[in-house]
Amino acid sequence: MAYRLGDLAKRVGAELRGDADCEVVRVDQLQSATAGAISFLANRQYLKYLSDTLASAVIIPPELADRSPVNALISNNPYLCYAQVAAILHPSREFGPGIHHTAVVAEDAELAEGVWIGPCAVVEAGSRIGSGVFIGPGCVVGSGSSIGRESRLVANVTLCSRVRLGERVLIHPGAVIGSDGFGLANDNGKWIKVPQLGGVSIGNDVEIGANTTIDCGTISDTVIADGAKLDNQIQIAHNVEIGENTAIAGCVGIAGSTKVGKNCTLGGGVGLSGHLEIGDNVHFSGQSLVTRSFTEPGFYSGNLPAVTNSEWRKTVARIRRMNDMMQRLKALEKQIEKLNNGQKPV
Amino acid sequence: MAYRLGDLAKRVGAELRGDADCEVVRVDQLQSATAGAISFLANRQYLKYLSDTLASAVIIPPELADRSPVNALISNNPYLCYAQVAAILHPSREFGPGIHHTAVVAEDAELAEGVWIGPCAVVEAGSRIGSGVFIGPGCVVGSGSSIGRESRLVANVTLCSRVRLGERVLIHPGAVIGSDGFGLANDNGKWIKVPQLGGVSIGNDVEIGANTTIDCGTISDTVIADGAKLDNQIQIAHNVEIGENTAIAGCVGIAGSTKVGKNCTLGGGVGLSGHLEIGDNVHFSGQSLVTRSFTEPGFYSGNLPAVTNSEWRKTVARIRRMNDMMQRLKALEKQIEKLNNGQKPV
Amino acid sequence: MAYRLGDLAKRVGAELRGDADCEVVRVDQLQSATAGAISFLANRQYLKYLSDTLASAVIIPPELADRSPVNALISNNPYLCYAQVAAILHPSREFGPGIHHTAVVAEDAELAEGVWIGPCAVVEAGSRIGSGVFIGPGCVVGSGSSIGRESRLVANVTLCSRVRLGERVLIHPGAVIGSDGFGLANDNGKWIKVPQLGGVSIGNDVEIGANTTIDCGTISDTVIADGAKLDNQIQIAHNVEIGENTAIAGCVGIAGSTKVGKNCTLGGGVGLSGHLEIGDNVHFSGQSLVTRSFTEPGFYSGNLPAVTNSEWRKTVARIRRMNDMMQRLKALEKQIEKLNNGQKPV
């Protein structure tokens, strides 16, 4: 559908410089855009593509607006403005409500209006599905789970029992929510399973990536607060709590009972030990190993970046010999003390 | 269902202090329990909740029994005792046997008594399913696989061909057992697939977490021995062997043909190279990189924990300059030797 | 099916030493082979099994051919030769074309000849499926996707919308291709989703492991080039590009927009930051953290291997004290300068 730039600018609160009647129908990148597309410049790395762009319009920060060769939507946060424009021009796939004839829905499941349940999806006993919910092909909604309105399970998502989703939750394929936590008691060398009896409580506007797993709590719930965003392949263990608007990149693992505050960011591959307290506004760079609590806001890191293998071998060898260096340093200090006639060096 | 404390104590071999006729119906945490609940104290971190607990009873070690304000089940291993009590009060969801009308079961599959095959599950040709097995919605059991009695595939589990499960195996959603190993031969730069012809052999009482993957062997089998416990998102490559009662935390990756002994524990995110031998009773802390065999029992570690980013930047810079430090140290040693009139410092 | 050694040698271009009429029916390992099996020796670690092997024939390099006690297929690349022989003796499971009656195929999907669509599989609107394609049980092929001829989705694979697969692509269970990238714009602390509008373009002869995830691009496509091989549990973020014949081991994570060249190898658990350029013929060892571009061919590494926990604690402590060592070293240098009567030490 085509939108007038004047209307778009009004809807997203941007200032328009140029032709309000120009129409755009899609977003595109500066370097590949053609007439009818609106593009954006949020990162100066792409400034080189601006002067030659064939886009009909560009979303741009004020300080660069003069350099746009085409119509401009001026915004202090061009990436956010782009996100809003893209959502207007490219709305999510619409769906008509209904239950596919191959879906299996328990008789006592409560379904609100406008729900779609796709082919080969299964909704078990005692589930409550809010209005406008999309349950894609192959999804399983376990007994006693509830899904808030306008939430969307894309495909092949598994909700186990006692999972409660808020509103507008988006879950990507292969994600598993509410699987048993890894609770084991040792009985003379054999592991005895500790029953995992809690649920998972997920707030509103949460997004959960493909093949991410979130275990149920042991007794009380595992909790993901409103607005938290989880990428793919993340592992959240039992009784973890994730605060509001915290964003977690792919391949992160968080061990049991650890609490992460609000507005945190965890880089890809970060690992957190169990029973930690991570405060609000704490940020970890990729692959950090987190073995203690960090309650102060800040940016934390912990892994050695890759170098050439030969340099690396030397580094490992030197680290192994650090004790020897320290001994030699101490020996020198004694020698010098002697040379100074027994006086401690100043 | 309600249980008398006297009966519970007898069943789990604990000593009862208090009212044998008091009935409990559920487990709960010390701080949230109310009448009818039994709680436990296994970690002194939670001792602060003991005096005010409203639980009807507490499972507690002997040395703390005097401090319980309520009925006590006294046990030297309160966490194990709790696991047993929880399993009694909260048994696994029961299921009636049957085959859902949307399940697809090959004509020649052999099904013992009491099997449940859920909606949209698929059981391929030549499979043998033991008595009391639960195959949840969306599961696929590949051709020629066998599942020992009372095993349970929760939902959306995939067993490829030639997978043999023992008895009482529990597999959580999204797990994939028997996928092709990553076997490639190089033909002048192009990778040629090496057919993966082996199976996977899984012992009794094994638990496998959500979205964990276990590849089949190249020729012989990949082997997971009795009582091994695998958490979520683990990758087990072809021809790996995991010993009895070894417990592996989430996000661990084990490369091809590595053998891990009995009673080992691998912390979250640990990575093991291929073709290693790990002995019995070996323990690795989280995110350890294991590049050589460890045959001796012990506790091993290998990653730098996170610190503030500014401290971290200094650490990386210092490590890069270690060679320079060593050179300066050697220069000093020579200087001192000279100052000592040519005598080596003592 | 039985093959004459003479015929096999001709088909794979190996030199036969021995009985051309001897027939083999399967491959096996040197130590477990019996009559009718052909084995191979590609790694001298297994030379100890050669003299006693009961195999009917052995694939072996020229320099060891004299030591074979049985018929020999002599090859300069015995592992490659083995792969070819195994593929001849153990061809992939054949399948008759057809659509299982429980599969759900959109009316407008275009299906070429010889396609198999398994139980409970779903093929959405606008899909194009090439000849001889196998879509296993529980797979979902999203709207507007296309699959090149002779590709195979084993089971429970999810292709989201706008996924284009080349020919002979092999995808293992649980893999998710085309899920939304992790694109978020920050609006005063709240995360706003950036619509993910691109697709995924996968070349010919690509293999994708179990539970691996590949996100769609934000505007343009995520690209996996011809002949690339991806193991299990890998995370490929939006707009990543992987070059031809690059092989990626399990548990690797690659952040958004990073480009990896041709003929690279990434060891297990490697993590690459976003927006990097990795050249051709670059190799990273397991668990490397890659935070900058590497454009030169070479072998790179970056993680500390595990040692005993006590040694490790000392190492961490020493690294924390490196600054102190440096200060003491500088103090010594000044002392010596003074002792040298104000002359800088030579």
# chains A, B, ... in the order shown; residues from 1 in each chain; ligands from 1

$ residues_around --residues "Ala55 (chain B)" --least-positions-apart "2" --cutoff "6 Å" --atoms "only C-alpha atoms" --output "NGL selection string"
:B and (33-35 or 37-38 or 53 or 57)

$ interface_residues --of "chain A" --to "chain B" --cutoff "8 Å" --atoms "only C-alpha atoms" --output "VMD selection string"
chain A and resid 102 104 120 122 138 140 156 158 174 to 176 179 to 180 182 185 to 187 189 to 195 197 211 213 219 233 235 253 255 271 273 288 to 291 298 to 304 315 318 to 319 325 328 to 329 332 335 to 336 339

$ residues_around --residues "Pro62 (chain C)" --least-positions-apart "2" --cutoff "8 Å" --atoms "only C-alpha atoms" --output "compact mmCIF listing (two decimals) with C-alpha atoms, in the first residue's frame"
# COMPACT_ATOMS: atom_id res chain seq x y z
CA ILE C 60 44.89 -47.35 2.33
CA LEU C 64 51.22 -48.29 3.79
CA ALA C 65 49.83 -50.58 1.11
CA ILE C 74 45.18 -47.67 -2.76
CA SER C 75 44.37 -43.96 -2.66
CA ASN C 76 46.25 -40.77 -1.94

$ atom_distance --atom1 "CA of Ile117 (chain B)" --atom2 "CA of Gly181 (chain A)"
24.2 Å

$ closest_residue --among "A:Leu50, A:Val169, A:Val157, A:Cys216" --to "Gly183 (chain A)" --atoms "only C-alpha atoms"
A:Cys216

$ select_by_dssp --residues "region 40-172 of chain B" --states "helix (DSSP H, G or I)" --output "ChimeraX atom specification"
/B:44-49,62-67,78-89

$ residues_around --residues "Val105 (chain B)" --least-positions-apart "5" --cutoff "8 Å" --atoms "only C-alpha atoms" --output "mmCIF file with C-alpha atoms, in the first residue's frame"
data_model
loop_
_atom_site.group_PDB
_atom_site.id
_atom_site.type_symbol
_atom_site.label_atom_id
_atom_site.label_comp_id
_atom_site.auth_asym_id
_atom_site.auth_seq_id
_atom_site.Cartn_x
_atom_site.Cartn_y
_atom_site.Cartn_z
ATOM 1 C CA VAL B 122 4.862 -40.149 13.803
ATOM 2 C CA VAL B 123 6.282 -43.629 14.424
ATOM 3 C CA GLU B 124 8.101 -45.012 11.403
ATOM 4 C CA ALA B 125 8.606 -48.509 10.099
#
